[in-house]
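**Student:** File follows, my_file_35.txt with compact mmCIF, C-alpha atoms and all ligand atoms:
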# COMPACT_ATOMS: atom_id res chain seq x y z
CA MET A 1 -22.21 6.40 -42.81
CA MET A 2 -22.08 9.13 -40.15
CA PHE A 3 -20.85 6.55 -37.69
CA LYS A 4 -18.00 5.50 -39.99
CA LYS A 5 -16.94 9.14 -40.56
CA GLY A 6 -16.95 9.70 -36.79
CA MET A 7 -14.87 6.63 -36.17
CA GLY A 8 -12.41 7.72 -38.86
CA LEU A 9 -11.98 11.11 -37.20
CA ILE A 10 -11.35 9.49 -33.84
CA LEU A 11 -8.77 7.19 -35.42
CA ILE A 12 -6.99 10.13 -37.11
CA LEU A 13 -6.95 12.09 -33.84
CA PHE A 14 -5.54 9.05 -32.08
CA VAL A 15 -2.76 8.65 -34.65
CA ILE A 16 -1.92 12.38 -34.49
CA SER A 17 -1.88 12.39 -30.67
CA SER A 18 0.27 9.25 -30.64
CA ALA A 19 2.70 10.83 -33.09
CA CYS A 20 2.90 14.03 -31.00
CA ALA A 21 3.52 11.98 -27.88
CA SER A 22 6.38 10.13 -29.56
CA ILE A 23 7.91 13.40 -30.85
CA ILE A 24 7.80 14.86 -27.36
CA PHE A 25 8.85 11.86 -25.35
CA ALA A 26 10.95 9.66 -27.65
CA LEU A 27 14.59 9.47 -26.60
CA GLU A 28 17.00 8.74 -29.45
CA ILE A 29 20.51 7.66 -28.60
CA GLU A 30 22.43 7.58 -31.88
CA GLU A 31 26.01 7.82 -30.61
CA GLN A 32 27.85 7.23 -27.41
CA GLY A 33 31.43 7.63 -26.27
CA LYS A 34 33.74 8.69 -23.50
CA VAL A 35 34.56 12.40 -23.18
CA THR A 36 38.29 12.92 -23.78
CA ASN A 37 38.59 16.69 -24.14
CA ILE A 38 36.58 19.81 -23.26
CA VAL A 39 37.12 22.42 -25.99
CA ASP A 40 34.97 25.15 -24.45
CA GLY A 41 31.64 25.59 -22.67
CA ASP A 42 29.57 24.13 -25.50
CA THR A 43 31.98 21.88 -27.41
CA PHE A 44 33.86 18.70 -26.51
CA ASP A 45 35.47 15.60 -28.03
CA ILE A 46 34.66 11.93 -27.48
CA ASP A 47 36.76 8.82 -28.02
CA ILE A 48 35.08 7.78 -31.29
CA GLY A 49 36.83 10.66 -33.11
CA GLU A 50 33.89 13.06 -33.04
CA ARG A 51 33.69 16.67 -31.89
CA ILE A 52 30.31 17.43 -30.30
CA ARG A 53 28.48 20.77 -30.24
CA LEU A 54 25.73 21.06 -27.61
CA ALA A 55 22.37 21.55 -29.35
CA ASP A 56 20.50 24.81 -28.69
CA VAL A 57 22.87 25.80 -25.84
CA SER A 58 25.69 28.31 -26.22
CA ALA A 59 28.45 29.59 -23.98
CA PRO A 60 30.89 32.49 -24.43
CA GLU A 61 34.19 31.79 -26.18
CA PRO A 62 36.99 30.93 -23.72
CA ASP A 63 38.60 34.37 -24.08
CA LYS A 64 35.32 36.19 -23.42
CA SER A 65 33.68 36.97 -20.06
CA GLY A 66 32.28 33.78 -18.51
CA GLY A 67 33.99 31.61 -21.11
CA SER A 68 36.49 29.91 -18.84
CA GLN A 69 33.83 29.46 -16.18
CA ALA A 70 31.57 27.72 -18.73
CA THR A 71 34.41 25.44 -19.83
CA SER A 72 35.10 24.55 -16.23
CA ILE A 73 31.43 23.72 -15.54
CA LEU A 74 31.13 21.46 -18.59
CA ARG A 75 34.40 19.74 -17.61
CA THR A 76 33.08 19.05 -14.11
CA LEU A 77 29.84 17.61 -15.46
CA ILE A 78 31.06 15.28 -18.22
CA ASN A 79 34.84 15.03 -18.63
CA GLY A 80 35.91 11.37 -18.55
CA ARG A 81 32.31 10.16 -18.45
CA THR A 82 30.39 8.14 -21.00
CA VAL A 83 27.88 10.34 -22.80
CA TYR A 84 24.83 9.22 -24.78
CA LEU A 85 24.02 11.47 -27.71
CA ASP A 86 20.78 12.32 -29.47
CA THR A 87 22.19 13.89 -32.65
CA ASP A 88 20.68 16.08 -35.34
CA PRO A 89 21.09 14.99 -38.98
CA LYS A 90 22.69 18.36 -39.83
CA ARG A 91 26.21 19.00 -38.62
CA SER A 92 27.59 22.38 -37.63
CA TYR A 93 31.16 23.04 -38.86
CA GLU A 94 31.79 19.27 -39.02
CA ARG A 95 30.68 18.89 -35.42
CA LEU A 96 27.86 16.58 -34.33
CA VAL A 97 25.03 18.68 -32.89
CA ALA A 98 23.63 16.76 -29.96
CA VAL A 99 21.63 16.67 -26.79
CA VAL A 100 23.97 15.03 -24.30
CA TYR A 101 22.85 12.53 -21.70
CA VAL A 102 24.73 10.87 -18.85
CA LYS A 103 23.43 8.04 -16.75
CA HIS A 104 21.74 9.24 -13.58
CA ASN A 105 20.70 5.86 -12.18
CA SER A 106 19.53 2.46 -13.40
CA THR A 107 16.43 3.89 -15.06
CA HIS A 108 17.11 7.51 -16.00
CA TYR A 109 19.48 9.72 -17.97
CA LYS A 110 20.29 13.31 -17.04
CA ASN A 111 19.96 15.84 -19.87
CA ILE A 112 23.19 17.87 -19.71
CA ASN A 113 21.95 20.54 -22.14
CA ASN A 114 18.93 21.13 -19.91
CA ILE A 115 20.99 21.13 -16.70
CA LEU A 116 23.31 23.79 -18.11
CA LEU A 117 20.36 26.06 -18.96
CA ASP A 118 18.27 25.39 -15.85
CA ASN A 119 20.91 25.03 -13.15
CA TYR A 120 23.80 27.16 -14.32
CA GLY A 121 22.15 30.00 -16.30
CA PRO A 122 24.73 32.55 -17.40
CA PRO A 123 27.32 31.91 -18.75
CA PHE A 124 25.10 29.37 -20.59
CA TYR A 125 22.15 30.61 -22.61
CA GLU A 126 19.49 29.08 -24.83
CA ASP A 127 20.34 29.37 -28.52
CA ASN A 128 17.47 27.59 -30.25
CA HIS A 129 18.53 26.70 -33.78
CA PRO A 130 16.29 25.14 -36.44
CA ASN A 131 17.06 21.51 -35.73
CA GLU A 132 15.17 18.49 -34.42
CA PHE A 133 15.40 19.72 -30.83
CA ASN A 134 13.20 22.05 -28.84
CA PRO A 135 14.54 23.06 -25.40
CA SER A 136 11.00 23.70 -24.12
CA THR A 137 10.33 19.94 -24.28
CA TRP A 138 13.42 18.96 -22.30
CA THR A 139 13.30 17.56 -18.81
CA LEU A 140 16.17 17.13 -16.37
CA TYR A 141 15.67 13.36 -16.22
CA THR A 142 14.57 11.05 -19.01
CA GLN A 143 13.75 7.38 -18.79
CA TYR A 144 15.85 4.95 -20.82
CA HIS A 145 14.55 3.50 -24.04
CA PHE A 146 14.50 0.13 -22.32
CA PRO A 147 12.22 0.44 -19.32
CA PRO A 148 13.11 -1.73 -16.36
CA PRO A 149 11.05 -4.89 -15.95
CA ASP A 150 7.79 -4.40 -14.18
CA PRO A 151 8.08 -5.00 -10.47
CA PRO A 152 6.26 -8.11 -9.27
CA PRO A 153 2.64 -7.41 -8.48
CA GLU A 154 2.01 -6.56 -4.88
CA PRO A 155 0.17 -9.24 -2.94
CA PRO A 156 -3.43 -8.33 -2.21
CA PRO A 157 -3.76 -6.53 1.10
CA ILE A 158 -4.57 -8.79 4.01
CA PRO A 159 -7.86 -7.86 5.63
CA PRO A 160 -7.08 -6.67 9.13
CA GLU A 161 -9.77 -8.78 10.79
CA GLY A 162 -10.57 -12.46 11.22
CA HIS A 163 -13.77 -14.43 11.66
CA LEU A 164 -14.60 -17.14 14.20
CA ASN A 165 -17.00 -20.08 14.20
CA ILE A 166 -17.44 -21.88 17.50
CA ILE A 167 -19.15 -25.29 17.45
CA LEU A 168 -20.28 -26.84 20.72
CA ASN A 169 -20.88 -30.59 20.99
CA ASP A 170 -21.72 -32.96 23.78
CA GLU A 171 -19.66 -36.01 24.71
CA ASN A 172 -21.22 -37.98 21.86
CA SER A 173 -20.37 -35.31 19.29
CA ASN A 174 -23.97 -34.19 18.99
CA PRO A 175 -24.46 -30.47 18.47
CA LEU A 176 -25.32 -28.61 21.64
CA GLY A 177 -27.61 -25.63 21.29
CA ALA A 178 -28.41 -22.93 23.83
CA VAL A 179 -24.87 -22.89 25.19
CA GLY A 180 -24.02 -19.46 26.55
CA ILE A 181 -20.71 -18.18 25.19
CA ALA A 182 -18.98 -15.22 26.84
CA GLU A 183 -15.60 -13.75 26.16
CA ILE A 184 -13.36 -13.68 29.22
CA SER A 185 -10.43 -11.88 27.63
CA GLY A 186 -9.28 -10.78 24.18
CA PRO A 187 -7.40 -8.12 22.26
CA LYS A 188 -8.38 -4.49 22.59
CA GLY A 189 -10.55 -2.73 20.08
CA HIS A 190 -13.87 -4.58 20.25
CA LEU A 191 -16.83 -5.02 22.54
CA PRO A 192 -16.81 -8.26 24.59
CA LEU A 193 -18.28 -11.14 22.60
CA HIS A 194 -21.23 -13.09 23.89
CA GLY A 195 -24.19 -15.07 22.64
CA ALA A 196 -25.64 -18.56 22.51
CA THR A 197 -25.18 -21.46 20.12
CA ASN A 198 -27.98 -22.28 17.72
CA GLN A 199 -29.55 -25.73 17.24
CA ASP A 200 -26.52 -26.77 15.19
CA GLY A 201 -24.27 -25.94 18.13
CA LEU A 202 -22.87 -23.00 16.17
CA ILE A 203 -22.15 -19.39 17.03
CA GLN A 204 -20.29 -17.03 14.70
CA PHE A 205 -18.37 -13.83 15.37
CA TYR A 206 -17.20 -11.61 12.50
CA TYR A 207 -14.58 -8.89 11.98
CA LEU A 208 -12.53 -9.63 15.07
CA PRO A 209 -9.21 -7.92 15.75
CA PRO A 210 -6.43 -10.53 15.49
CA GLY A 211 -5.16 -11.96 18.76
CA GLU A 212 -5.77 -14.44 21.56
CA TYR A 213 -9.31 -14.84 22.82
CA LYS A 214 -10.51 -16.74 25.90
CA PHE A 215 -14.13 -17.84 26.24
CA LEU A 216 -16.39 -19.42 28.83
CA ALA A 217 -19.12 -21.84 27.71
CA ARG A 218 -22.00 -22.56 30.07
CA ARG A 219 -25.10 -24.70 29.90
CA GLU A 220 -27.21 -26.18 32.62
CA GLY A 221 -26.39 -29.83 33.20
CA TYR A 222 -22.87 -29.48 31.83
CA HIS A 223 -19.56 -28.53 33.33
CA ASN A 224 -18.47 -24.99 32.51
CA LYS A 225 -15.79 -24.99 29.88
CA THR A 226 -13.12 -22.41 29.15
CA PHE A 227 -11.20 -22.44 25.90
CA SER A 228 -8.82 -20.23 23.94
CA VAL A 229 -8.74 -19.32 20.26
CA LYS A 230 -6.07 -17.50 18.28
CA ILE A 231 -7.48 -15.34 15.47
CA LEU A 232 -5.14 -14.44 12.59
CA ALA A 233 -5.77 -11.47 10.31
CA GLY A 234 -7.72 -12.39 7.20
CA THR A 235 -8.56 -15.92 8.31
CA ASN A 236 -11.79 -17.76 9.04
CA HIS A 237 -11.19 -19.89 12.13
CA THR A 238 -13.39 -22.75 13.36
CA LYS A 239 -13.13 -23.96 16.97
CA ASN A 240 -14.75 -27.22 18.09
CA VAL A 241 -15.52 -27.50 21.79
CA ALA A 242 -16.89 -30.56 23.65
CA MET A 243 -18.84 -30.20 26.89
CA GLU A 244 -19.22 -32.88 29.56
CA LEU A 245 -22.36 -33.70 31.45
CA THR A 246 -22.17 -33.07 35.15
CA SER A 247 -21.82 -36.46 36.97
CA THR A 248 -24.55 -35.82 39.56
CA PRO A 249 -28.01 -35.10 38.31
CA VAL A 250 -29.09 -31.61 38.89
CA THR A 251 -31.72 -31.42 41.62
CA PRO A 252 -33.98 -28.48 41.89
CA PRO A 253 -33.33 -26.34 44.98
CA GLU A 254 -35.51 -27.08 48.00
CA SER A 255 -38.78 -25.28 47.85
CA LYS A 256 -38.94 -22.75 50.61
CA THR A 257 -42.01 -22.54 52.73
CA ASN A 258 -44.03 -19.44 52.40
CA ARG A 259 -45.06 -19.51 55.99
CA TRP A 260 -42.95 -17.34 58.20
CA ILE A 261 -43.92 -19.04 61.42
CA LYS A 262 -44.53 -22.67 62.36
CA PRO A 263 -48.14 -23.65 63.31
CA GLU A 264 -47.29 -24.66 66.88
CA TYR A 265 -45.67 -21.26 67.52
CA GLY A 266 -48.74 -19.65 65.98
CA MET A 267 -50.98 -21.37 68.51
CA ILE A 268 -48.80 -20.20 71.45
CA LEU A 269 -48.87 -16.65 70.10
CA LEU A 270 -52.64 -16.77 69.67
CA VAL A 271 -53.19 -18.01 73.26
CA THR A 272 -50.83 -15.34 74.65
CA VAL A 273 -52.52 -12.52 72.78
CA THR A 274 -56.00 -13.79 73.84
CA SER A 275 -55.03 -13.95 77.56
CA ILE A 276 -53.52 -10.44 77.43
CA VAL A 277 -56.70 -9.06 75.90
CA ALA A 278 -58.87 -10.97 78.46
CA SER A 279 -56.88 -9.71 81.47
CA SER A 280 -56.89 -6.08 80.40
CA CA B 1 18.36 12.56 -33.20
CA CA B 2 16.25 23.73 -31.86
In C-alpha cells, how does this file's structure come out?

**Tutor:**
Amino acid sequence: MMFKKGMGLILILFVISSACASIIFALEIEEQGKVTNIVDGDTFDIDIGERIRLADVSAPEPDKSGGSQATSILRTLINGRTVYLDTDPKRSYERLVAVVYVKHNSTHYKNINNILLDNYGPPFYEDNHPNEFNPSTWTLYTQYHFPPPDPPPEPPPIPPEGHLNIILNDENSNPLGAVGIAEISGPKGHLPLHGATNQDGLIQFYYLPPGEYKFLARREGYHNKTFSVKILAGTNHTKNVAMELTSTPVTPPESKTNRWIKPEYGMILLVTVTSIVASS
C-alpha cells in the first residue's frame, strides 16, 4: 500500500513538472500576417485586418519623449516582414495582445517583445499585465513548434590503430615457426616491431599506427625475405609470406684448430731452446 502511494506521488509530480515545462516552453502561434503599418512603438497593423498591441511591453506615445524613436525602432525590426503571433484571449481596445515572433533561421524564431526590452531598453519598458504572458520566461530565440528532422546518426569513430597478423609458410604452404621477423621501416609513433613466428607460422602485432611497414623475415636454411604491409586505421590485416629453402645445403663452418702452432714447428722450437740452454 505504501508502495502504491509512493508511486502515485511520483506520477503526480511528473504530471505537474511536465505541465510546468509546457507552460514555460510551449510556443503558440495563433495568428500570422505581414506588417503593413507601424502605429507607434508598441502597436502595428498586419494584412489580415488586425491591429496588434505588443504584450507586456510599452513605449511612449509618439508625441512624448522617446516616442518617435520607439516607433522608428519597431519599424526597422518588423515593417514589411511576416510576423508570427502568440495572442492572449483578452483583447485590449479591440487590439490583439501578442508576443511577436519573426523568423531568425530555419529552426528558430526571434522574440521581438524580448528584443525590445533586452536590446533597446528605454524608450521601451516592461509593462507586465495580467495575461497569459510572463516576460521573465522569454528568451531571445525560440525553437519552432516543428523541430527539424534529426540529423543522421554520426558513424562510429574509427579506431586510430590497426592490427597485423603475419603468417609464414614454406614452399609447400606448411607453417614455418621460429622465423625471426624484424621491422625495417614503418610510420612514426611506435617502437620497432620484432619477434618470431609460433608453431603455426603466426606472429601478431596490435595497435599499430596506420601506414606502410616493411619487414625482414629470417630463418636458417631459408632465403631472407623482405615484404611490405599497408595498415589501415581500424582494420585487422593478415599478410601471408612464403619463404624459399636455400638451394645449397648449409654446411657448418670449418672447425678451427685450437693449436696455435703446428707440431713440426714445435719440434724445431724445442730443439732451438734446448741448444741455447745447453750452450749457455
Ligand atoms: Ca496564446
Ligand atoms: Ca503578463

**Student:** Can you list, as a count of residues only, every protein, DNA or RNA residue that comes within 10 Å of Val35 of chain A when you count all atoms listed in the file, leaving out same-chain residues fewer than 4 positions away?

**Tutor:** 15

**Student:** Could you give me the residues within 8 Å of ligand CA 2 (chain B), counting all atoms listed in the file, as a VMD selection string?

**Tutor:** chain A and resid 55 to 56 127 to 135

**Student:** Between A:Thr76, A:Thr246, A:Asn236, A:Gln204, which is the closest to Gly221 of chain A once you count all atoms listed in the file?

**Tutor:**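 Of all the options, A:Thr246 lies closest to Gly221 of chain A.
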
**Student:** Which residues come within 10 Å of Lys103 of chain A, counting only C-alpha atoms, excluding same-chain residues fewer than 3 positions away, as number ranges by chain?

**Tutor:** A: 81-84, 106-111, 141-144

**Student:** Would you name the residues within 6 Å of ligand CA 1 (chain B), counting only C-alpha atoms and all ligand atoms, and put them as a list in words?

**Tutor:**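 Using only C-alpha atoms and all ligand atoms, everything at most 6 Å from ligand CA 1 (chain B) comes to Glu28, Asp86, Thr87 and Asp88 of chain A.
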
**Student:** As an exercise, work out the distance from atom CA of Pro60 of chain A to atom CA of Ile73 of chain A in Å and give it to one decimal place.

**Tutor:**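 Between atom CA of Pro60 of chain A and atom CA of Ile73 of chain A the gap is 12.5 Å.
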
**Student:** With a distance cut-off of 8 Å and all atoms listed in the file, select the neighbouring residues of Ser185 of chain A, excluding the residue or stretch itself and same-chain residues fewer than 4 positions from it, and output the selection as a list in words.

**Tutor:** Pro192, Tyr213, Lys214 and Phe215 of chain A

**Student:** Just the residues within 12 Å of Lys188 of chain A, please, counting all atoms listed in the file, with nothing from its chain fewer than 4 positions along; format it as a VMD selection string.

**Tutor:** chain A and resid 192 to 193 208 to 213

**Student:** Considering all atoms listed in the file, state which residue in the set A:Val229, A:Ala217, A:Leu54, A:Ile29 is at the smallest distance from Ala178 of chain A.

**Tutor:**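 Of A:Val229, A:Ala217, A:Leu54, A:Ile29, the one nearest Ala178 of chain A, counting all atoms listed in the file, is A:Ala217.
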
**Student:** I'd like the interatomic distance between atom CA of His237 of chain A and atom CA of His163 of chain A, to a tenth of an Å.

**Tutor:**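 Separation between atom CA of His237 of chain A and atom CA of His163 of chain A: 6.1 Å.
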
**Student:** Measuring atom to atom with all atoms listed in the file, identify which of A:Leu116, A:Ile38, A:Met243, A:Ile184 is nearest to Asn169 of chain A.

**Tutor:**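 Nearest candidate to Asn169 of chain A out of A:Leu116, A:Ile38, A:Met243, A:Ile184: A:Met243.
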
**Student:** As an exercise, work out the distance from atom CA of Gly186 of chain A to atom CA of Asn174 of chain A in Å and give it to one decimal place.

**Tutor:**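 That distance, rounded to one decimal, is 28.1 Å.
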
**Student:** Hey, what's within 10 Å of Ile203 of chain A if we count all atoms listed in the file and toss same-chain stuff fewer than 6 positions away? As an NGL selection string, please?

**Tutor:** :A and (164-168 or 177-181 or 194-197)
